[in-house]
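A short write-up of the structure that comes next.
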Amino acid sequence: MSTATGHAPGKIILLGEHGVVYGHRAIASAVSLGTTVRLRRRAGTTCMDQPWADDPRLQAALLTVLDEEGIGVQIESNLPIGRGMGSSAALAVALGRARAALAGEEASNDRIDRDAWAVERVFHGSPSGIDHTVSMSGGAVLYRKTADAPQITPLHLPPIPLVVIDSGSAGDTAAMVQGVRDRRPAVDSLLQEIGALVEDVAPQLANADLSGLGPAMQENHALLQGIGVSNETLDALVDLCMATGAQGAKLAGAGGGGIVIALAQDRKAVLDAARAAGFDAWKITIGSQA
Ligand code: PMV
């Protein structure tokens, strides 16, 4: 084949980021936004054929999956970059799928998983693997990292109406994860509490019961503040969501920037307030209506 395409969705972490790095469980869901990678065989060094995100790690990431010579790469994405919506994981999985298609191979999950881990390590150092796992599987998962293969449990979520607000700055996942590592063991009990929230809420969600989710998101945000990954803008956005009637809100992803997600029955009120305050915000539904 001389050209090939791969696509993969981004994700949001509903509950449990950072705890998941230390073996606690987290819940993440794929979203309808995603990334497409197009490859074409051509002479010369393998590299981007068009300018894309000014990120020095990109070329190294491409070469963890592709041959060093002979491939031109194009990327298209409607995911905000570096906002905790899994832009690097979607790129990783889409790239693995495109590579397999270019080689004329059946895209085996094992191989895509291996490629995606390699790309994610370039961007994030030592990720838990939750981002690319949910990007590969689609839908929602309950995820636990172990010393061996991760435990991945598909989770059938009811429709969950969320508002996503972009705080306007990117968070650096590797730096945020390192910051938490540096604050251990003082923050270990908070990481454990994050995991306990997931254990409480996952069975409720599996029973289509959303009543505990809002309060759990609130508590999760407070715990993320406690481990030092929130900032003033993220805290102010969570407050704004709660003041406009959301049932719960939290930063989602590594923090230090990125997005806030809010669970809200009246999404318009939250959207209008976020936009009036000058932030990009949009509706997203995860779960069976996604
Ligand atoms: O890449 P982000 O911003 O979605 O963060 C990933 C979630 C973390 O738990 C902070 C890191 C990880 O590897 O799980």
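Numbering starts fresh at 1 for the residues of each chain in the structure tokens, the chains themselves are lettered A, B, ... in the order given, and ligands are numbered from 1 as they appear.
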List as number ranges by chain the protein and nucleic acid residues near segment 165-174 of chain A, meaning an atom at most 6 Å away when only C-alpha atoms are counted, but skip any in the same chain fewer than 5 places from it.
A: 82-83, 124-125, 254-260, 280-281
Take the residues that were just selected and, keeping C-alpha atoms, output them as a compact mmCIF listing (two decimals), in the first residue's frame.
```txt
# COMPACT_ATOMS: atom_id res chain seq x y z
CA GLY A 82 -2.37 19.03 26.04
CA ARG A 83 -5.71 19.57 27.75
CA HIS A 124 4.57 11.18 29.30
CA GLY A 125 7.56 9.32 30.74
CA ALA A 254 -3.07 15.52 34.82
CA GLY A 255 -3.96 19.08 35.94
CA GLY A 256 -1.73 22.16 36.04
CA GLY A 257 -3.96 23.38 33.18
CA GLY A 258 -6.18 21.46 30.81
CA ILE A 259 -9.89 21.02 31.31
CA VAL A 260 -12.60 21.02 33.95
CA ASP A 280 -14.15 27.80 25.56
CA ALA A 281 -16.73 25.29 26.69
```
Going by DSSP on the backbone, which bits of segment 73-125 of chain A are strand (DSSP E or B)? Write them as JSON, numbers by chain, please.
{"A": [73, 74, 75, 76, 77]}
Can you write out the residues you just picked, keeping all heavy atoms, as an mmCIF file, in the first residue's frame?
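Everything below was put into part.cif:
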```cif
data_model
loop_
_atom_site.group_PDB
_atom_site.id
_atom_site.type_symbol
_atom_site.label_atom_id
_atom_site.label_comp_id
_atom_site.auth_asym_id
_atom_site.auth_seq_id
_atom_site.Cartn_x
_atom_site.Cartn_y
_atom_site.Cartn_z
ATOM 1 N N VAL A 73 3.998 11.900 6.970
ATOM 2 C CA VAL A 73 2.920 11.799 7.972
ATOM 3 C C VAL A 73 2.071 13.067 7.974
ATOM 4 O O VAL A 73 2.609 14.185 7.953
ATOM 5 C CB VAL A 73 3.516 11.614 9.393
ATOM 6 C CG1 VAL A 73 2.413 11.398 10.426
ATOM 7 C CG2 VAL A 73 4.526 10.472 9.429
ATOM 8 N N GLN A 74 0.763 12.884 7.995
ATOM 9 C CA GLN A 74 -0.151 14.007 8.216
ATOM 10 C C GLN A 74 -1.041 13.658 9.400
ATOM 11 O O GLN A 74 -1.460 12.510 9.541
ATOM 12 C CB GLN A 74 -1.037 14.234 6.997
ATOM 13 C CG GLN A 74 -0.268 14.776 5.816
ATOM 14 C CD GLN A 74 -1.190 15.385 4.771
ATOM 15 O OE1 GLN A 74 -2.401 15.234 4.849
ATOM 16 N NE2 GLN A 74 -0.601 16.042 3.804
ATOM 17 N N ILE A 75 -1.329 14.659 10.216
ATOM 18 C CA ILE A 75 -2.196 14.443 11.385
ATOM 19 C C ILE A 75 -3.335 15.458 11.331
ATOM 20 O O ILE A 75 -3.110 16.640 11.048
ATOM 21 C CB ILE A 75 -1.410 14.644 12.706
ATOM 22 C CG1 ILE A 75 -0.225 13.682 12.780
ATOM 23 C CG2 ILE A 75 -2.322 14.429 13.910
ATOM 24 C CD1 ILE A 75 0.713 13.922 13.964
ATOM 25 N N GLU A 76 -4.530 14.973 11.583
ATOM 26 C CA GLU A 76 -5.690 15.875 11.735
ATOM 27 C C GLU A 76 -6.350 15.520 13.050
ATOM 28 O O GLU A 76 -6.540 14.334 13.338
ATOM 29 C CB GLU A 76 -6.732 15.598 10.668
ATOM 30 C CG GLU A 76 -6.578 16.379 9.408
ATOM 31 C CD GLU A 76 -7.495 15.823 8.336
ATOM 32 O OE1 GLU A 76 -8.644 15.453 8.657
ATOM 33 O OE2 GLU A 76 -7.026 15.728 7.198
ATOM 34 N N SER A 77 -6.719 16.538 13.822
ATOM 35 C CA SER A 77 -7.369 16.231 15.107
ATOM 36 C C SER A 77 -8.320 17.351 15.490
ATOM 37 O O SER A 77 -8.039 18.519 15.222
ATOM 38 C CB SER A 77 -6.301 16.066 16.194
ATOM 39 O OG SER A 77 -6.924 15.735 17.415
#
```
10 Å from ligand 1 is the threshold here; counting only C-alpha atoms and all ligand atoms, which polymer residues fall inside it? Answer as a JSON list (two decimals) with N, CA, C and O atoms, in the first residue's frame.
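Final output, result_22.json:
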```json
[["chain", "number", "residue", "atom", "x", "y", "z"],
["A", 10, "GLY", "N", -10.21, 10.49, 21.48],
["A", 10, "GLY", "CA", -9.63, 10.96, 22.73],
["A", 10, "GLY", "C", -10.45, 10.43, 23.90],
["A", 10, "GLY", "O", -11.31, 9.56, 23.74],
["A", 11, "LYS", "N", -10.16, 10.95, 25.09],
["A", 11, "LYS", "CA", -10.84, 10.43, 26.28],
["A", 11, "LYS", "C", -10.97, 11.51, 27.34],
["A", 11, "LYS", "O", -10.31, 12.53, 27.30],
["A", 12, "ILE", "N", -11.83, 11.23, 28.29],
["A", 12, "ILE", "CA", -11.79, 12.01, 29.54],
["A", 12, "ILE", "C", -11.69, 11.03, 30.70],
["A", 12, "ILE", "O", -12.19, 9.91, 30.61],
["A", 13, "ILE", "N", -11.05, 11.47, 31.76],
["A", 13, "ILE", "CA", -11.01, 10.66, 32.98],
["A", 13, "ILE", "C", -12.10, 11.19, 33.91],
["A", 13, "ILE", "O", -12.06, 12.35, 34.32],
["A", 15, "LEU", "N", -13.08, 9.88, 36.88],
["A", 15, "LEU", "CA", -12.61, 9.84, 38.27],
["A", 15, "LEU", "C", -11.30, 9.06, 38.33],
["A", 15, "LEU", "O", -11.17, 8.05, 37.61],
["A", 16, "GLY", "N", -10.35, 9.50, 39.15],
["A", 16, "GLY", "CA", -9.25, 8.61, 39.49],
["A", 16, "GLY", "C", -7.88, 8.90, 38.90],
["A", 16, "GLY", "O", -6.95, 8.11, 39.11],
["A", 17, "GLU", "N", -7.72, 10.04, 38.18],
["A", 17, "GLU", "CA", -6.38, 10.33, 37.66],
["A", 17, "GLU", "C", -5.38, 10.48, 38.81],
["A", 17, "GLU", "O", -5.75, 10.82, 39.93],
["A", 18, "HIS", "N", -4.15, 10.25, 38.52],
["A", 18, "HIS", "CA", -3.01, 10.24, 39.46],
["A", 18, "HIS", "C", -3.05, 9.03, 40.41],
["A", 18, "HIS", "O", -2.04, 8.36, 40.55],
["A", 19, "GLY", "N", -4.20, 8.73, 41.01],
["A", 19, "GLY", "CA", -4.28, 7.50, 41.82],
["A", 19, "GLY", "C", -3.94, 6.30, 40.95],
["A", 19, "GLY", "O", -3.29, 5.34, 41.40],
["A", 20, "VAL", "N", -4.37, 6.38, 39.69],
["A", 20, "VAL", "CA", -4.19, 5.25, 38.77],
["A", 20, "VAL", "C", -2.71, 4.95, 38.49],
["A", 20, "VAL", "O", -2.35, 3.83, 38.17],
["A", 21, "VAL", "N", -1.86, 5.96, 38.67],
["A", 21, "VAL", "CA", -0.42, 5.75, 38.47],
["A", 21, "VAL", "C", 0.14, 4.81, 39.56],
["A", 21, "VAL", "O", 1.13, 4.12, 39.36],
["A", 22, "TYR", "N", -0.55, 4.77, 40.73],
["A", 22, "TYR", "CA", -0.07, 3.98, 41.87],
["A", 22, "TYR", "C", -0.94, 2.76, 42.15],
["A", 22, "TYR", "O", -1.03, 2.30, 43.29],
["A", 23, "GLY", "N", -1.59, 2.26, 41.12],
["A", 23, "GLY", "CA", -2.28, 0.97, 41.26],
["A", 23, "GLY", "C", -3.72, 1.07, 41.74],
["A", 23, "GLY", "O", -4.36, 0.05, 41.97],
["A", 26, "ALA", "N", -9.28, 3.72, 38.12],
["A", 26, "ALA", "CA", -9.81, 4.97, 37.58],
["A", 26, "ALA", "C", -10.85, 4.62, 36.52],
["A", 26, "ALA", "O", -10.85, 3.52, 35.97],
["A", 28, "ALA", "N", -12.41, 5.93, 32.91],
["A", 28, "ALA", "CA", -12.24, 6.83, 31.77],
["A", 28, "ALA", "C", -13.18, 6.42, 30.66],
["A", 28, "ALA", "O", -13.59, 5.26, 30.57],
["A", 81, "ILE", "N", -5.13, 20.14, 22.26],
["A", 81, "ILE", "CA", -3.83, 19.50, 22.56],
["A", 81, "ILE", "C", -3.38, 19.84, 23.99],
["A", 81, "ILE", "O", -3.42, 20.99, 24.41],
["A", 82, "GLY", "N", -2.95, 18.81, 24.70],
["A", 82, "GLY", "CA", -2.37, 19.03, 26.04],
["A", 82, "GLY", "C", -3.39, 19.47, 27.07],
["A", 82, "GLY", "O", -3.06, 20.12, 28.05],
["A", 83, "ARG", "N", -4.66, 19.12, 26.83],
["A", 83, "ARG", "CA", -5.71, 19.57, 27.75],
["A", 83, "ARG", "C", -6.29, 18.42, 28.58],
["A", 83, "ARG", "O", -7.35, 18.55, 29.16],
["A", 84, "GLY", "N", -5.61, 17.26, 28.59],
["A", 84, "GLY", "CA", -6.13, 16.15, 29.38],
["A", 84, "GLY", "C", -7.23, 15.40, 28.66],
["A", 84, "GLY", "O", -7.98, 14.63, 29.27],
["A", 85, "MET", "N", -7.35, 15.60, 27.35],
["A", 85, "MET", "CA", -8.38, 14.87, 26.60],
["A", 85, "MET", "C", -7.79, 13.75, 25.74],
["A", 85, "MET", "O", -8.41, 13.28, 24.80],
["A", 86, "GLY", "N", -6.56, 13.36, 26.09],
["A", 86, "GLY", "CA", -5.99, 12.18, 25.44],
["A", 86, "GLY", "C", -5.50, 12.43, 24.03],
["A", 86, "GLY", "O", -5.50, 11.51, 23.21],
["A", 87, "SER", "N", -5.04, 13.67, 23.76],
["A", 87, "SER", "CA", -4.58, 13.94, 22.38],
["A", 87, "SER", "C", -3.37, 13.08, 22.03],
["A", 87, "SER", "O", -3.28, 12.56, 20.91],
["A", 88, "SER", "N", -2.45, 12.88, 22.97],
["A", 88, "SER", "CA", -1.27, 12.06, 22.63],
["A", 88, "SER", "C", -1.65, 10.59, 22.51],
["A", 88, "SER", "O", -1.13, 9.87, 21.65],
["A", 89, "ALA", "N", -2.59, 10.13, 23.34],
["A", 89, "ALA", "CA", -3.01, 8.72, 23.25],
["A", 89, "ALA", "C", -3.75, 8.46, 21.95],
["A", 89, "ALA", "O", -3.54, 7.42, 21.30],
["A", 120, "GLU", "N", 3.34, 6.87, 24.00],
["A", 120, "GLU", "CA", 2.95, 7.51, 25.24],
["A", 120, "GLU", "C", 4.15, 7.72, 26.17],
["A", 120, "GLU", "O", 4.21, 8.70, 26.92],
["A", 121, "ARG", "N", 5.11, 6.79, 26.13],
["A", 121, "ARG", "CA", 6.31, 6.96, 26.97],
["A", 121, "ARG", "C", 7.13, 8.17, 26.52],
["A", 121, "ARG", "O", 7.72, 8.86, 27.34],
["A", 123, "PHE", "N", 5.91, 10.89, 25.23],
["A", 123, "PHE", "CA", 5.23, 12.12, 25.66],
["A", 123, "PHE", "C", 5.13, 12.23, 27.18],
["A", 123, "PHE", "O", 5.17, 13.33, 27.72],
["A", 124, "HIS", "N", 4.95, 11.10, 27.88],
["A", 124, "HIS", "CA", 4.57, 11.18, 29.30],
["A", 124, "HIS", "C", 5.51, 10.48, 30.26],
["A", 124, "HIS", "O", 5.18, 10.37, 31.45],
["A", 125, "GLY", "N", 6.63, 9.97, 29.81],
["A", 125, "GLY", "CA", 7.56, 9.32, 30.74],
["A", 125, "GLY", "C", 7.08, 7.93, 31.13],
["A", 125, "GLY", "O", 7.34, 6.97, 30.43],
["A", 126, "SER", "N", 6.38, 7.83, 32.27],
["A", 126, "SER", "CA", 5.90, 6.51, 32.68],
["A", 126, "SER", "C", 4.40, 6.55, 32.94],
["A", 126, "SER", "O", 3.96, 6.62, 34.08],
["A", 127, "PRO", "N", 3.61, 6.53, 31.86],
["A", 127, "PRO", "CA", 2.16, 6.64, 32.01],
["A", 127, "PRO", "C", 1.55, 5.38, 32.60],
["A", 127, "PRO", "O", 2.15, 4.30, 32.55],
["A", 128, "SER", "N", 0.33, 5.53, 33.14],
["A", 128, "SER", "CA", -0.38, 4.35, 33.66],
["A", 128, "SER", "C", -0.90, 3.47, 32.52],
["A", 128, "SER", "O", -1.17, 2.30, 32.73],
["A", 129, "GLY", "N", -1.08, 4.07, 31.35],
["A", 129, "GLY", "CA", -1.62, 3.31, 30.22],
["A", 129, "GLY", "C", -3.12, 3.48, 30.03],
["A", 129, "GLY", "O", -3.70, 3.00, 29.06],
["A", 130, "ILE", "N", -3.77, 4.22, 30.96],
["A", 130, "ILE", "CA", -5.24, 4.34, 30.86],
["A", 130, "ILE", "C", -5.66, 5.09, 29.60],
["A", 130, "ILE", "O", -6.66, 4.73, 28.96],
["A", 131, "ASP", "N", -4.90, 6.12, 29.22],
["A", 131, "ASP", "CA", -5.32, 6.95, 28.09],
["A", 131, "ASP", "C", -5.38, 6.14, 26.80],
["A", 131, "ASP", "O", -6.39, 6.15, 26.09],
["A", 132, "HIS", "N", -4.30, 5.45, 26.48],
["A", 132, "HIS", "CA", -4.31, 4.76, 25.18],
["A", 132, "HIS", "C", -5.19, 3.52, 25.23],
["A", 132, "HIS", "O", -5.72, 3.08, 24.21],
["A", 143, "TYR", "N", -10.04, 0.91, 35.05],
["A", 143, "TYR", "CA", -8.66, 0.52, 34.70],
["A", 143, "TYR", "C", -7.80, 0.46, 35.96],
["A", 143, "TYR", "O", -7.84, 1.36, 36.80],
["A", 144, "ARG", "N", -7.03, -0.61, 36.08],
["A", 144, "ARG", "CA", -6.05, -0.70, 37.16],
["A", 144, "ARG", "C", -4.72, -1.15, 36.58],
["A", 144, "ARG", "O", -4.62, -2.17, 35.90],
["A", 145, "LYS", "N", -3.69, -0.35, 36.88],
["A", 145, "LYS", "CA", -2.32, -0.72, 36.48],
["A", 145, "LYS", "C", -1.81, -1.75, 37.48],
["A", 145, "LYS", "O", -2.02, -1.61, 38.69],
["A", 170, "ALA", "N", -2.25, 24.60, 28.70],
["A", 170, "ALA", "CA", -1.96, 23.17, 28.67],
["A", 170, "ALA", "C", -1.33, 22.75, 29.99],
["A", 170, "ALA", "O", -0.62, 23.54, 30.63],
["A", 171, "GLY", "N", -1.58, 21.51, 30.38],
["A", 171, "GLY", "CA", -0.87, 20.96, 31.53],
["A", 171, "GLY", "C", 0.22, 20.02, 30.99],
["A", 171, "GLY", "O", 0.03, 19.41, 29.95],
["A", 172, "ASP", "N", 1.33, 19.93, 31.69],
["A", 172, "ASP", "CA", 2.40, 19.02, 31.26],
["A", 172, "ASP", "C", 2.27, 17.74, 32.09],
["A", 172, "ASP", "O", 2.62, 17.72, 33.27],
["A", 173, "THR", "N", 1.75, 16.69, 31.46],
["A", 173, "THR", "CA", 1.44, 15.46, 32.20],
["A", 173, "THR", "C", 2.68, 14.90, 32.91],
["A", 173, "THR", "O", 2.62, 14.56, 34.10],
["A", 174, "ALA", "N", 3.80, 14.81, 32.17],
["A", 174, "ALA", "CA", 5.01, 14.22, 32.77],
["A", 174, "ALA", "C", 5.42, 15.02, 34.01],
["A", 174, "ALA", "O", 5.77, 14.44, 35.06],
["A", 175, "ALA", "N", 5.37, 16.36, 33.91],
["A", 175, "ALA", "CA", 5.78, 17.21, 35.05],
["A", 175, "ALA", "C", 4.81, 17.07, 36.21],
["A", 175, "ALA", "O", 5.22, 17.03, 37.38],
["A", 176, "MET", "N", 3.51, 16.98, 35.90],
["A", 176, "MET", "CA", 2.53, 16.86, 36.99],
["A", 176, "MET", "C", 2.68, 15.52, 37.71],
["A", 176, "MET", "O", 2.60, 15.45, 38.94],
["A", 177, "VAL", "N", 2.89, 14.45, 36.93],
["A", 177, "VAL", "CA", 3.06, 13.12, 37.53],
["A", 177, "VAL", "C", 4.33, 13.11, 38.38],
["A", 177, "VAL", "O", 4.34, 12.57, 39.50],
["A", 178, "GLN", "N", 5.39, 13.74, 37.89],
["A", 178, "GLN", "CA", 6.64, 13.80, 38.66],
["A", 178, "GLN", "C", 6.45, 14.59, 39.95],
["A", 178, "GLN", "O", 6.96, 14.20, 41.01],
["A", 180, "VAL", "N", 3.76, 14.87, 41.75],
["A", 180, "VAL", "CA", 3.07, 14.02, 42.74],
["A", 180, "VAL", "C", 4.05, 13.01, 43.31],
["A", 180, "VAL", "O", 4.09, 12.77, 44.53],
["A", 229, "VAL", "N", -2.10, 19.29, 42.21],
["A", 229, "VAL", "CA", -2.11, 19.35, 40.74],
["A", 229, "VAL", "C", -3.17, 20.31, 40.18],
["A", 229, "VAL", "O", -3.30, 20.43, 38.96],
["A", 251, "LEU", "N", -11.27, 19.01, 37.86],
["A", 251, "LEU", "CA", -10.29, 19.00, 36.77],
["A", 251, "LEU", "C", -10.24, 17.57, 36.24],
["A", 251, "LEU", "O", -10.56, 16.62, 36.96],
["A", 252, "ALA", "N", -9.90, 17.41, 34.98],
["A", 252, "ALA", "CA", -9.82, 16.06, 34.41],
["A", 252, "ALA", "C", -8.50, 15.94, 33.65],
["A", 252, "ALA", "O", -8.17, 16.80, 32.83],
["A", 253, "GLY", "N", -7.75, 14.88, 33.95],
["A", 253, "GLY", "CA", -6.44, 14.72, 33.34],
["A", 253, "GLY", "C", -5.37, 15.04, 34.37],
["A", 253, "GLY", "O", -5.62, 15.01, 35.59],
["A", 254, "ALA", "N", -4.20, 15.37, 33.90],
["A", 254, "ALA", "CA", -3.07, 15.52, 34.82],
["A", 254, "ALA", "C", -3.13, 16.78, 35.65],
["A", 254, "ALA", "O", -2.50, 16.87, 36.71],
["A", 255, "GLY", "N", -3.88, 17.81, 35.20],
["A", 255, "GLY", "CA", -3.96, 19.08, 35.94],
["A", 255, "GLY", "C", -2.85, 20.03, 35.58],
["A", 255, "GLY", "O", -2.15, 19.84, 34.57],
["A", 256, "GLY", "N", -2.71, 21.12, 36.36],
["A", 256, "GLY", "CA", -1.73, 22.16, 36.04],
["A", 256, "GLY", "C", -2.16, 22.97, 34.82],
["A", 256, "GLY", "O", -1.37, 23.71, 34.22],
["A", 257, "GLY", "N", -3.41, 22.83, 34.42],
["A", 257, "GLY", "CA", -3.96, 23.38, 33.18],
["A", 257, "GLY", "C", -4.92, 22.34, 32.65],
["A", 257, "GLY", "O", -5.34, 21.47, 33.40],
["A", 258, "GLY", "N", -5.27, 22.47, 31.38],
["A", 258, "GLY", "CA", -6.18, 21.46, 30.81],
["A", 258, "GLY", "C", -7.63, 21.82, 31.05],
["A", 258, "GLY", "O", -7.99, 22.99, 31.10],
["A", 259, "ILE", "N", -8.45, 20.80, 31.28],
["A", 259, "ILE", "CA", -9.89, 21.02, 31.31],
["A", 259, "ILE", "C", -10.50, 20.78, 32.70],
["A", 259, "ILE", "O", -9.93, 20.08, 33.52]]
```
I need the residues of segment 21-137 of chain A that end up classed as helix (DSSP H, G or I) by DSSP on the backbone, written out as a VMD selection string.
chain A and resid 21 to 22 57 to 65 87 to 102 109 to 124 130 to 137
How would the residues just picked look written out with C-alpha atoms as a short mmCIF file (atom, residue, chain, number, x, y, z; two decimals), in the first residue's frame?
```
data_model
loop_
_atom_site.label_atom_id
_atom_site.label_comp_id
_atom_site.auth_asym_id
_atom_site.auth_seq_id
_atom_site.Cartn_x
_atom_site.Cartn_y
_atom_site.Cartn_z
CA VAL A 21 -0.42 5.75 38.47
CA TYR A 22 -0.07 3.98 41.87
CA ARG A 57 8.88 15.08 21.08
CA LEU A 58 6.72 14.47 18.01
CA GLN A 59 9.49 13.28 15.67
CA ALA A 60 10.82 10.85 18.31
CA ALA A 61 7.28 9.59 18.86
CA LEU A 62 6.78 8.94 15.14
CA LEU A 63 10.02 6.97 14.95
CA THR A 64 9.05 4.65 17.81
CA VAL A 65 6.40 3.24 15.44
CA SER A 87 -4.58 13.94 22.38
CA SER A 88 -1.27 12.06 22.63
CA ALA A 89 -3.01 8.72 23.25
CA ALA A 90 -5.33 9.23 20.28
CA LEU A 91 -2.29 10.08 18.18
CA ALA A 92 -0.49 6.99 19.48
CA VAL A 93 -3.35 4.62 18.65
CA ALA A 94 -4.15 6.25 15.30
CA LEU A 95 -0.47 6.05 14.35
CA GLY A 96 -0.31 2.36 15.27
CA ARG A 97 -3.43 1.67 13.22
CA ALA A 98 -2.11 3.63 10.24
CA ARG A 99 1.24 1.79 10.41
CA ALA A 100 -0.51 -1.56 10.36
CA ALA A 101 -2.67 -0.50 7.42
CA LEU A 102 0.37 0.78 5.48
CA ASN A 109 -4.62 -5.20 19.50
CA ASP A 110 -1.34 -6.47 20.94
CA ARG A 111 0.74 -4.66 18.37
CA ILE A 112 -1.30 -1.43 18.55
CA ASP A 113 -1.00 -1.56 22.35
CA ARG A 114 2.78 -1.97 22.12
CA ASP A 115 3.11 0.89 19.63
CA ALA A 116 0.85 3.13 21.71
CA TRP A 117 2.82 2.45 24.93
CA ALA A 118 6.00 3.44 23.11
CA VAL A 119 4.52 6.72 21.86
CA GLU A 120 2.95 7.51 25.24
CA ARG A 121 6.31 6.96 26.97
CA VAL A 122 7.89 9.57 24.70
CA PHE A 123 5.23 12.12 25.66
CA HIS A 124 4.57 11.18 29.30
CA ILE A 130 -5.24 4.34 30.86
CA ASP A 131 -5.32 6.95 28.09
CA HIS A 132 -4.31 4.76 25.18
CA THR A 133 -6.26 1.77 26.57
CA VAL A 134 -9.54 3.66 26.40
CA SER A 135 -8.60 5.21 23.07
CA MET A 136 -8.07 1.67 21.71
CA SER A 137 -11.19 0.12 23.18
#
```
Could you tell me which of A:Leu162, A:Ala30, A:Ala216, A:Ala262 comes closest to Val198 of chain A if we count only C-alpha atoms?
A:Ala216
Under the rule that only C-alpha atoms are counted, which of A:Leu197, A:Arg275, A:His24, A:Ser29 is the nearest residue to His156 of chain A?
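Of the candidates, the smallest distance to His156 of chain A is held by A:Ser29.
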Test item: residues at most 12 Å from segment 263-269 of chain A, only C-alpha atoms, excluding those fewer than 5 positions along its chain, as number ranges by chain:
A: 14, 159-165, 210-218, 238, 240-251, 274-276, 281-286
Write to file, as a compact mmCIF listing (two decimals), in the first residue's frame, the residues of the selection just made, with C-alpha atoms.
```txt
# COMPACT_ATOMS: atom_id res chain seq x y z
CA LEU A 14 -14.23 10.75 34.95
CA PRO A 159 -25.69 8.60 29.37
CA ILE A 160 -23.72 11.15 31.39
CA PRO A 161 -24.27 14.79 30.37
CA LEU A 162 -21.08 16.77 30.87
CA VAL A 163 -19.81 20.24 30.14
CA VAL A 164 -16.12 20.47 29.27
CA ILE A 165 -14.40 23.80 29.93
CA LEU A 210 -25.77 8.92 38.76
CA SER A 211 -26.68 10.17 42.23
CA GLY A 212 -23.23 9.63 43.73
CA LEU A 213 -21.22 10.89 40.79
CA GLY A 214 -21.53 14.66 41.37
CA PRO A 215 -20.43 14.54 45.02
CA ALA A 216 -17.62 12.11 44.08
CA MET A 217 -16.39 14.54 41.41
CA GLN A 218 -16.35 17.32 44.02
CA VAL A 238 -15.04 24.29 39.45
CA LEU A 240 -18.26 28.61 38.68
CA CYS A 241 -19.79 25.25 37.65
CA MET A 242 -21.13 24.62 41.15
CA ALA A 243 -22.48 28.19 41.42
CA THR A 244 -24.46 27.65 38.20
CA GLY A 245 -26.13 24.47 39.35
CA ALA A 246 -23.75 21.65 38.37
CA GLN A 247 -24.07 18.48 40.44
CA GLY A 248 -20.28 18.11 40.52
CA ALA A 249 -17.13 19.36 38.79
CA LYS A 250 -13.45 18.53 38.73
CA LEU A 251 -10.29 19.00 36.77
CA ALA A 274 -18.17 29.64 31.33
CA ARG A 275 -18.36 31.41 27.98
CA ALA A 276 -19.36 34.71 29.62
CA ALA A 281 -16.73 25.29 26.69
CA TRP A 282 -18.77 22.60 25.02
CA LYS A 283 -21.21 19.82 25.77
CA ILE A 284 -20.14 16.23 25.69
CA THR A 285 -22.18 13.13 26.51
CA ILE A 286 -20.41 9.93 27.47
```
